[in-house]
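S.K.: Structure supplied as coords01.txt; contents: compact mmCIF, C-alpha atoms.
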# COMPACT_ATOMS: atom_id res chain seq x y z
CA MET A 1 -7.50 34.36 -8.07
CA CYS A 2 -8.24 30.82 -6.98
CA ALA A 3 -5.13 28.68 -6.85
CA ARG A 4 -6.75 25.45 -7.95
CA ALA A 5 -9.67 26.53 -10.16
CA ALA A 6 -8.39 24.91 -13.35
CA ARG A 7 -7.58 21.53 -11.84
CA PRO A 8 -9.57 18.29 -12.24
CA GLY A 9 -11.77 17.24 -9.34
CA MET A 10 -10.97 14.52 -6.81
CA GLY A 11 -11.48 10.85 -7.43
CA ILE A 12 -12.72 8.31 -4.89
CA ALA A 13 -11.71 4.94 -3.48
CA THR A 14 -12.49 1.99 -5.77
CA ASP A 15 -12.48 -1.82 -5.63
CA ILE A 16 -8.89 -1.72 -6.87
CA THR A 17 -8.08 0.69 -4.04
CA VAL A 18 -9.18 -1.94 -1.53
CA GLU A 19 -6.85 -4.52 -3.09
CA ASN A 20 -3.99 -2.02 -3.01
CA LYS A 21 -4.63 -1.04 0.60
CA ARG A 22 -4.41 -4.68 1.62
CA LEU A 23 -1.09 -5.03 -0.20
CA TYR A 24 0.12 -1.87 1.52
CA SER A 25 -0.90 -3.26 4.90
CA ASP A 26 1.80 -5.93 4.55
CA LEU A 27 4.46 -3.25 4.09
CA LEU A 28 3.20 -1.30 7.09
CA GLY A 29 3.07 -4.46 9.16
CA SER A 30 6.74 -5.16 8.52
CA PHE A 31 7.68 -2.10 10.59
CA SER A 32 6.17 -3.68 13.70
CA THR A 33 8.95 -6.28 13.68
CA GLY A 34 11.62 -3.64 14.27
CA GLU A 35 13.89 -5.72 12.02
CA SER A 36 15.53 -4.13 8.99
CA GLY A 37 15.61 -7.47 7.17
CA ALA A 38 11.84 -7.90 7.40
CA ILE A 39 11.24 -4.35 6.17
CA LYS A 40 13.67 -4.82 3.28
CA ARG A 41 11.99 -8.07 2.20
CA SER A 42 8.60 -6.36 2.26
CA VAL A 43 9.93 -3.43 0.20
CA LEU A 44 11.39 -5.78 -2.39
CA SER A 45 8.10 -7.67 -2.61
CA ILE A 46 5.95 -4.63 -3.44
CA PHE A 47 8.22 -1.99 -5.04
CA ASP A 48 8.94 -2.30 -8.74
CA GLU A 49 12.68 -2.25 -9.40
CA ARG A 50 12.15 0.90 -11.51
CA ALA A 51 9.96 2.65 -8.94
CA GLU A 52 10.57 6.41 -8.77
CA ILE A 53 11.13 7.40 -5.13
CA LYS A 54 10.93 11.06 -4.13
CA ALA A 55 11.52 12.21 -0.57
CA SER A 56 11.90 15.42 1.40
CA HIS A 57 15.03 17.55 1.19
CA PRO A 58 17.88 16.68 1.52
CA ILE A 59 17.02 13.28 0.01
CA ASN A 60 14.94 14.68 -2.87
CA SER A 61 15.41 11.73 -5.26
CA ALA A 62 16.15 8.30 -3.81
CA GLN A 63 17.52 5.28 -5.63
CA GLU A 64 14.98 3.59 -7.89
CA GLY A 65 13.17 0.58 -6.45
CA ILE A 66 15.08 -0.11 -3.24
CA GLY A 67 15.47 3.59 -2.38
CA TYR A 68 12.48 3.64 -0.03
CA PHE A 69 14.45 1.25 2.16
CA SER A 70 18.08 2.25 1.51
CA ASP A 71 17.71 6.04 1.46
CA ILE A 72 14.84 6.59 3.89
CA VAL A 73 14.30 3.67 6.28
CA VAL A 74 17.99 2.82 6.81
CA PRO A 75 18.99 6.39 7.86
CA LEU A 76 15.99 6.52 10.19
CA MET A 77 16.90 3.21 11.82
CA GLY A 78 20.50 4.39 12.16
CA ALA A 79 19.52 7.63 13.88
CA LEU A 80 16.52 6.60 16.00
CA GLU A 81 17.41 3.62 18.16
CA GLY A 82 14.46 1.27 18.61
CA LEU A 83 12.69 2.85 15.62
CA SER A 84 8.91 2.44 15.84
CA ARG A 85 6.20 3.62 13.48
CA LEU A 86 2.75 4.86 14.42
CA ASN A 87 0.22 5.18 11.57
CA TYR A 88 -2.96 7.12 12.29
CA VAL A 89 -4.39 7.67 8.81
CA MET A 90 -4.26 5.03 6.05
CA ILE A 91 -6.55 5.52 3.04
CA GLY A 92 -6.43 5.43 -0.75
CA GLY A 93 -8.21 6.25 -3.96
CA GLU A 94 -8.18 6.75 -7.73
CA TYR A 95 -7.28 9.98 -9.54
CA LEU A 96 -7.21 10.43 -13.32
CA GLY A 97 -6.69 6.72 -13.88
CA THR A 98 -3.96 6.28 -11.25
CA GLU A 99 -4.40 4.46 -7.94
CA TRP A 100 -2.77 5.72 -4.74
CA VAL A 101 -2.45 4.58 -1.14
CA THR A 102 -1.28 6.88 1.64
CA SER A 103 -0.51 6.95 5.34
CA THR A 104 0.64 9.49 7.89
CA GLY A 105 1.78 9.37 11.48
CA TYR A 106 5.09 9.33 13.36
CA TYR A 107 8.39 7.55 13.52
CA TYR A 108 9.90 7.64 16.99
CA GLY A 109 12.85 6.31 18.92
CA HIS A 110 15.89 7.28 20.98
CA PHE A 111 17.71 9.90 18.89
CA THR A 112 21.30 8.66 19.21
CA HIS A 113 22.99 9.55 15.89
CA PRO A 114 22.75 12.45 13.42
CA LEU A 115 19.90 12.36 10.91
CA PHE A 116 20.63 14.16 7.61
CA GLY A 117 22.89 16.55 9.52
CA ILE A 118 20.48 17.14 12.43
CA PRO A 119 22.39 16.57 15.69
CA PRO A 120 21.01 13.90 18.04
CA SER A 121 19.27 14.91 21.25
CA LYS A 122 20.19 11.67 23.05
CA ARG A 123 16.55 11.39 24.08
CA LEU A 124 13.18 10.33 22.69
CA ALA A 125 12.32 12.07 19.41
CA PHE A 126 9.30 12.06 17.11
CA LEU A 127 9.46 12.54 13.34
CA ARG A 128 6.22 13.08 11.44
CA PHE A 129 5.89 11.35 8.09
CA GLY A 130 3.46 11.22 5.22
CA GLU A 131 3.80 8.91 2.26
CA PHE A 132 1.98 8.30 -0.99
CA HIS A 133 2.44 5.32 -3.27
CA ARG A 134 1.10 4.83 -6.78
CA ILE A 135 0.30 1.16 -7.36
CA GLU A 136 -0.31 -0.58 -10.64
CA ASP A 137 -0.85 -4.34 -11.03
CA GLY A 138 0.19 -4.93 -7.44
CA ARG A 139 3.50 -3.05 -7.65
CA ILE A 140 4.51 0.39 -6.39
CA LEU A 141 5.73 2.45 -9.34
CA GLU A 142 6.04 5.87 -7.70
CA SER A 143 6.37 7.21 -4.15
CA GLN A 144 6.35 10.63 -2.52
CA VAL A 145 7.62 10.57 1.05
CA PHE A 146 7.34 13.63 3.29
CA LEU A 147 9.45 13.84 6.46
CA GLY A 148 8.82 16.50 9.10
CA LEU A 149 12.48 17.43 9.51
CA ALA A 150 11.65 21.09 10.17
CA GLU A 151 9.41 19.99 13.06
CA LEU A 152 12.23 17.91 14.50
CA ILE A 153 14.67 20.84 14.28
CA ILE A 154 12.13 23.12 15.98
CA ALA A 155 11.61 20.55 18.77
CA LEU A 156 15.37 20.56 19.37
CA GLY A 157 15.36 24.36 19.71
CA LEU A 158 17.66 24.77 16.69
CA TRP A 159 15.34 26.45 14.18
CA PRO A 160 17.26 29.40 12.63
CA LEU A 161 14.29 31.09 10.92
CA GLY A 162 11.37 33.12 12.21
CA LYS A 163 8.97 31.37 14.58
CA SER A 164 5.39 30.70 13.55
CA GLN A 165 2.45 32.17 15.44
CA GLY A 166 0.94 28.72 15.94
CA TYR A 167 1.54 25.61 18.02
CA GLU A 168 4.69 23.67 17.14
CA GLY A 169 4.96 20.13 18.43
CA VAL A 170 3.75 16.57 18.11
CA VAL A 171 0.21 16.50 16.73
CA PRO A 172 -2.42 13.80 17.32
CA GLY A 173 -4.24 11.62 14.87
CA PRO A 174 -8.00 11.71 14.25
CA SER A 175 -10.07 12.48 17.32
CA THR A 176 -12.40 9.68 16.22
CA GLN A 177 -9.50 7.18 16.01
CA ASP A 178 -10.88 5.73 12.78
CA GLY A 179 -8.30 6.88 10.24
CA ILE A 180 -7.01 3.39 9.35
CA ASN A 181 -9.18 1.92 6.59
CA PHE A 182 -7.90 -1.19 4.84
CA GLY A 183 -11.38 -2.10 3.63
CA PRO A 184 -14.01 -0.65 1.29
CA SER A 185 -15.90 2.59 1.85
CA ASP A 186 -19.30 3.79 0.72
CA PRO A 187 -18.81 5.36 -2.74
CA ALA A 188 -21.53 7.94 -2.08
CA LYS A 189 -19.86 9.01 1.16
CA SER A 190 -16.46 9.09 -0.55
CA ARG A 191 -17.85 11.32 -3.30
CA GLU A 192 -19.52 13.60 -0.74
CA THR A 193 -16.20 14.00 1.08
CA ALA A 194 -14.26 14.54 -2.14
CA SER A 195 -16.69 17.20 -3.34
CA LEU A 196 -16.66 19.01 0.01
CA VAL A 197 -12.87 19.20 0.11
CA GLU A 198 -12.59 20.11 -3.57
CA ASP A 199 -15.07 22.96 -3.15
CA MET A 200 -13.05 24.22 -0.18
CA LEU A 201 -9.83 24.10 -2.20
CA LEU A 202 -11.45 26.22 -4.89
CA GLY A 203 -11.96 28.90 -2.24
CA LEU A 204 -8.27 29.19 -1.35
CA ALA A 205 -6.36 32.30 -2.38
CA THR A 206 -9.60 34.27 -2.86
CA GLU A 207 -10.04 37.83 -1.62
CA ASP A 208 -13.16 36.96 0.38
CA CYS A 209 -11.68 33.79 1.96
CA ALA A 210 -14.36 31.68 0.29
CA TRP A 211 -12.95 28.56 1.95
CA ARG A 212 -14.30 29.45 5.40
CA PRO A 213 -17.88 28.03 5.19
CA TYR A 214 -16.60 24.51 4.51
CA TRP A 215 -14.95 24.17 7.92
CA ASP A 216 -16.51 23.18 11.22
CA GLY A 217 -16.20 25.79 13.96
CA ARG A 218 -14.11 23.31 15.99
CA MET A 219 -11.73 22.69 13.11
CA VAL A 220 -8.04 22.00 13.67
CA TRP A 221 -5.36 22.48 11.02
CA TYR A 222 -2.24 20.52 11.91
CA GLY A 223 0.33 22.42 9.90
CA PRO A 224 3.92 21.72 8.85
CA GLY A 225 6.98 22.68 10.84
CA GLY A 226 7.59 26.42 10.61
CA PHE A 227 3.93 27.09 9.74
CA GLY A 228 2.34 26.04 13.05
CA SER A 229 -1.00 24.42 13.92
CA TYR A 230 -4.27 26.26 14.59
CA ALA A 231 -7.67 25.53 16.11
CA THR A 232 -10.89 27.34 15.05
CA VAL A 233 -11.63 28.98 11.72
CA ASP A 234 -10.64 32.45 12.91
CA ALA A 235 -7.24 31.37 14.22
CA PHE A 236 -6.51 29.47 11.03
CA GLY A 237 -7.68 32.42 8.94
CA ALA A 238 -5.27 34.72 10.79
CA PHE A 239 -2.48 32.49 9.53
CA GLN A 240 -3.79 31.54 6.09
CA ARG A 241 -4.42 34.94 4.57
CA PRO A 242 -0.93 36.38 5.33
CA PHE A 243 0.62 33.14 4.11
CA GLU A 244 -1.24 33.41 0.80
CA GLN A 245 -0.15 37.03 0.48
CA ALA A 246 3.51 36.13 1.02
CA PHE A 247 3.53 34.55 -2.44
CA GLU A 248 2.06 36.22 -5.49
CA GLY A 249 0.10 34.32 -8.12
CA TRP A 250 -0.32 31.05 -6.23
CA GLY A 251 -1.32 28.40 -8.75
CA ASP A 252 0.02 25.78 -11.11
CA GLY A 253 1.92 28.29 -13.26
CA GLN A 254 0.26 27.28 -16.52
CA ASN A 255 -0.38 30.91 -17.42
CA GLU A 256 3.37 31.49 -17.08
CA GLY A 257 4.23 28.54 -19.29
CA ILE A 258 5.16 26.26 -16.38
CA SER A 259 4.30 22.56 -16.55
CA GLY A 260 4.50 19.67 -14.10
CA VAL A 261 2.90 21.49 -11.15
CA GLY A 262 -0.31 20.14 -9.60
CA SER A 263 -1.86 17.16 -7.89
CA SER A 264 -0.36 13.72 -8.46
CA GLY A 265 -3.18 12.11 -6.52
CA LYS A 266 -6.28 13.19 -4.63
CA ALA A 267 -9.38 11.26 -3.61
CA GLY A 268 -12.08 10.71 -1.03
CA ASP A 269 -12.22 7.48 0.98
CA GLY A 270 -15.24 7.44 3.28
CA GLU A 271 -15.10 10.51 5.52
CA TYR A 272 -11.42 11.05 4.73
CA ALA A 273 -9.67 12.58 1.73
CA PHE A 274 -6.07 13.13 0.65
CA LEU A 275 -4.05 15.22 -1.79
CA ASN A 276 -0.39 15.07 -2.83
CA GLY A 277 1.77 16.91 -5.36
CA TRP A 278 5.49 17.13 -6.12
CA PRO A 279 5.30 20.08 -6.57
CA GLN A 280 1.71 20.96 -5.83
CA ILE A 281 1.75 24.72 -6.28
CA THR A 282 4.00 27.63 -7.27
CA GLY A 283 4.19 31.36 -6.56
CA ILE A 284 6.57 34.32 -6.29
CA HIS A 285 7.90 35.39 -2.90
CA VAL A 286 6.74 39.02 -2.51
CA ASN A 287 6.27 39.48 1.26
CA PRO A 288 8.21 38.33 4.35
CA PHE A 289 7.99 34.60 5.07
CA MET A 290 9.46 32.89 8.14
CA GLY A 291 11.54 36.01 8.68
CA ILE A 292 12.96 35.92 5.15
CA GLU A 293 12.57 39.25 3.40
CA PRO A 294 11.02 39.20 -0.11
CA THR A 295 13.34 37.60 -2.66
CA HIS A 296 10.94 37.87 -5.62
CA LYS A 297 11.97 34.32 -6.50
CA ARG A 298 9.51 31.75 -7.80
CA VAL A 299 9.17 28.78 -5.47
CA PHE A 300 7.68 25.33 -6.00
CA MET A 301 6.01 23.78 -2.99
CA ARG A 302 5.90 20.05 -2.31
CA ASP A 303 2.66 19.74 -0.40
CA CYS A 304 0.23 17.12 0.88
CA ASP A 305 -2.91 16.92 3.01
CA TRP A 306 -5.29 14.52 4.70
CA TRP A 307 -8.77 15.66 5.78
CA ARG A 308 -11.43 14.22 8.08
CA CYS A 309 -15.00 15.36 7.45
CA GLU A 310 -18.11 15.03 9.58
CA GLY A 311 -21.65 16.32 9.18
CA GLY A 312 -20.88 18.05 5.89
CA LYS A 313 -17.93 20.02 7.28
CA ILE A 314 -14.16 19.60 7.46
CA VAL A 315 -13.18 18.99 11.07
CA GLU A 316 -9.50 18.03 10.97
CA ASN A 317 -6.72 18.58 8.42
CA TRP A 318 -3.16 17.29 8.57
CA CYS A 319 -0.88 19.18 6.21
CA MET A 320 2.78 18.56 5.41
CA VAL A 321 5.11 20.69 3.31
CA ASP A 322 8.75 20.05 2.48
CA THR A 323 9.66 23.14 4.49
CA LEU A 324 13.43 22.70 4.16
CA HIS A 325 13.13 22.53 0.37
CA LEU A 326 10.85 25.57 0.31
CA VAL A 327 13.21 27.83 2.27
CA TYR A 328 16.23 26.42 0.41
CA GLN A 329 14.76 28.00 -2.72
CA LEU A 330 14.75 31.31 -0.83
CA GLY A 331 18.44 31.07 -0.03
CA ARG A 332 18.32 29.46 3.41
CA ASP A 333 20.02 26.07 3.72
CA VAL A 334 18.86 25.15 7.21
CA LEU A 335 20.83 21.91 7.40
CA ALA A 336 24.06 23.65 6.37
CA GLU A 337 23.40 26.32 8.97
CA LEU A 338 23.07 23.66 11.66
CA LEU A 339 26.45 22.23 10.69
CA GLY A 340 28.07 25.66 10.40
Before we go any further, please render this structure as structure tokens.

M.R.:
Amino acid sequence: MCARAARPGMGIATDITVENKRLYSDLLGSFSTGESGAIKRSVLSIFDERAEIKASHPINSAQEGIGYFSDIVVPLMGALEGLSRLNYVMIGGEYLGTEWVTSTGYYYGHFTHPLFGIPPSKRLAFLRFGEFHRIEDGRILESQVFLGLAELIIALGLWPLGKSQGYEGVVPGPSTQDGINFGPSDPAKSRETASLVEDMLLGLATEDCAWRPYWDGRMVWYGPGGFGSYATVDAFGAFQRPFEQAFEGWGDGQNEGISGVGSSGKAGDGEYAFLNGWPQITGIHVNPFMGIEPTHKRVFMRDCDWWRCEGGKIVENWCMVDTLHLVYQLGRDVLAELLG
């Protein structure tokens, strides 16, 4: 059964998206100062005081409004001395009447103090991030912030669960180095990209792997920590099918009477597209996953993606999952295990 068959299709970038991306550029620019005061002022200028801020486990729900700064940026600046931020995709778009902007890349700095219970390495460390902001009338009203904490733990050699079969490490941005788009994009190209990615998504969790024809033979899937990254369709397929089979009934859970699962935002912007959901998908754990034997528990997966398309095919895909939250639902508190 297709996991996303019943869901509305992607939107595209609009004229309002362009205005929002330019507002967002001011927030991103504040990080280049390296000064907490400048970042805080920028946050206060764009976040509504009632903004709902969600972030990866163990943050989960941050303080309204200022929480993006107080509960996410401040701990990062405290742990990573000389905190710097590298953005390599920045796009946006409309979905079901809501407007979103998004970016992904890395925070990095000298890891001198614990971060959410992760012990410092006393050396350079990279932390992948992905963030999505819903903007209305020039103010951020909702944010979903993904932090690659599982990747950081793996890089430190402290991962207590089963190892993935893929590459684990720092992943690059777009090979074309054109992922930052603060301006407009061709609506026809945005729709072409959105339709291509949406059609691929409809092929997920199908017995015949109907997603395969939508990918370029040189494709690279940059996966979350614990999942691994894979190049070529065959290598990705060797990961994807067993992953799908680890959880029964992947979908939004509507048939089971579950609500609130699905995409918050998804759209095409030129040759790029994005998707985010909190949670995005749900299923029941029926086969081993990351070395965890079947628990037969239902899990809810916080998931997001960015895609780059070229020549009518998907070439690159950056995917993040709140891995620590996912395995926590299966009875493994990775952060507690590090402290224990």

S.K.: Which centre and which edge lengths, in Å to one decimal, describe the axis-aligned box that holds all listed atoms of range 316-320 of chain A after 4 Å is added on each side, as lines of an AutoDock Vina configuration file?

M.R.:
center_x = -3.4
center_y = 18.2
center_z = 8.2
size_x = 20.3
size_y = 9.9
size_z = 13.6

S.K.: When you count only C-alpha atoms, which of these residues is closest to Trp211 in chain A: A:Lys313, A:Arg302, A:Arg191, A:His325?

M.R.: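 Ranking A:Lys313, A:Arg302, A:Arg191, A:His325 by distance to Trp211 in chain A, first place goes to A:Lys313.
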
S.K.: Using only C-alpha atoms, which protein or nucleic acid residues come within 6 Å of Val220 in chain A? Drop anything in the same chain fewer than 5 positions from it, and give the result as an NGL selection string.

M.R.: :A and (230-231 or 316)

S.K.: So, with all atoms listed in the file as the atoms that count, which of A:Glu271, A:Lys122, A:Pro279, A:Ser143 lies closest to Ser103 in chain A?

M.R.: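 Distance minimum relative to Ser103 in chain A lands on A:Ser143.
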
S.K.: Which protein, DNA or RNA residues are at most 12 Å from (-18.8, 16.9, 7.2) in the file's coordinates when you count all atoms listed in the file, listed as a count of residues only?

M.R.: 31

S.K.: List as a compact mmCIF listing (two decimals) with C-alpha atoms, keeping the file's coordinate frame the protein and nucleic acid residues near Gly183 in chain A, meaning an atom at most 8 Å away when all atoms listed in the file are counted, but skip any in the same chain fewer than 4 places from it.

M.R.:
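Listed below is the output, around.txt:
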# COMPACT_ATOMS: atom_id res chain seq x y z
CA VAL A 18 -9.18 -1.94 -1.53
CA LYS A 21 -4.63 -1.04 0.60
CA ARG A 22 -4.41 -4.68 1.62

S.K.: If we count all atoms listed in the file, what is near range 168-180 of chain A at a cut-off of 9 Å, once residues fewer than 4 positions away on the same chain are taken out, given as a list of chain:residue names?

M.R.: A:Asn87, A:Tyr88, A:Val89, A:Met90, A:Ile91, A:Ser103, A:Thr104, A:Gly105, A:Tyr106, A:Phe126, A:Leu127, A:Arg128, A:Glu151, A:Leu152, A:Ile154, A:Ala155, A:Ser164, A:Tyr222, A:Gly223, A:Pro224, A:Gly225, A:Gly226, A:Phe227, A:Gly228, A:Ser229, A:Tyr272, A:Arg308, A:Glu316, A:Trp318

S.K.: Taking only C-alpha atoms into account, name the residue in A:Ala238, A:Leu124, A:Ala188, A:Ile281 that is nearest to Asp252 in chain A.

M.R.: A:Ile281

S.K.: Which residues, written as a list of chain:residue names, have at least one atom at most 10 Å from Ala336 in chain A, with all atoms listed in the file counted and residues fewer than 3 positions away on the same chain left out?

M.R.: A:Gly117, A:Ile118, A:Arg332, A:Asp333, A:Leu339, A:Gly340

S.K.: Taking (-10.7, 23.8, -6.3) in the file's coordinates as the center, which residues reach within 12 Å of it, counting only C-alpha atoms, put as a ChimeraX atom specification?

M.R.: /A:1-10,194-206,210-211,251-252,262-263,266,275

S.K.: Interatomic distance between CA of Ala55 in chain A and CA of Val145 in chain A?

M.R.: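 The value is 4.5 Å.
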
S.K.: Please measure the separation of CA of Pro120 in chain A and CA of Ser84 in chain A, giving the value in Å to one decimal.

M.R.: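 Here the two named atoms are 16.8 Å from each other.
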
S.K.: With all atoms listed in the file as the counted atoms, please give the residues lying no more than 9 Å from range 46-54 of chain A, apart from itself and same-chain residues fewer than 3 positions off, as a compact mmCIF listing (two decimals) with C-alpha atoms, in the coordinates of the input.

M.R.:
# COMPACT_ATOMS: atom_id res chain seq x y z
CA LEU A 23 -1.09 -5.03 -0.20
CA TYR A 24 0.12 -1.87 1.52
CA LEU A 27 4.46 -3.25 4.09
CA ARG A 41 11.99 -8.07 2.20
CA SER A 42 8.60 -6.36 2.26
CA VAL A 43 9.93 -3.43 0.20
CA ILE A 59 17.02 13.28 0.01
CA ASN A 60 14.94 14.68 -2.87
CA SER A 61 15.41 11.73 -5.26
CA ALA A 62 16.15 8.30 -3.81
CA GLN A 63 17.52 5.28 -5.63
CA GLU A 64 14.98 3.59 -7.89
CA GLY A 65 13.17 0.58 -6.45
CA ILE A 66 15.08 -0.11 -3.24
CA GLY A 67 15.47 3.59 -2.38
CA TYR A 68 12.48 3.64 -0.03
CA ILE A 135 0.30 1.16 -7.36
CA GLY A 138 0.19 -4.93 -7.44
CA ARG A 139 3.50 -3.05 -7.65
CA ILE A 140 4.51 0.39 -6.39
CA LEU A 141 5.73 2.45 -9.34
CA GLU A 142 6.04 5.87 -7.70
CA SER A 143 6.37 7.21 -4.15
CA GLN A 144 6.35 10.63 -2.52
CA VAL A 145 7.62 10.57 1.05
CA PHE A 146 7.34 13.63 3.29
CA TRP A 278 5.49 17.13 -6.12

S.K.: Can you work out the spacing between CA of Glu94 in chain A and CA of Arg134 in chain A in Å, to one decimal?

M.R.: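 Result for CA of Glu94 in chain A versus CA of Arg134 in chain A: 9.5 Å, one decimal.
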
S.K.: Using all atoms listed in the file, which residue out of A:Ala150, A:Gly34, A:Trp250, A:Phe132 lies closest to Val327 in chain A?

M.R.: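 Going through A:Ala150, A:Gly34, A:Trp250, A:Phe132 one by one, the smallest distance to Val327 in chain A is for A:Ala150.
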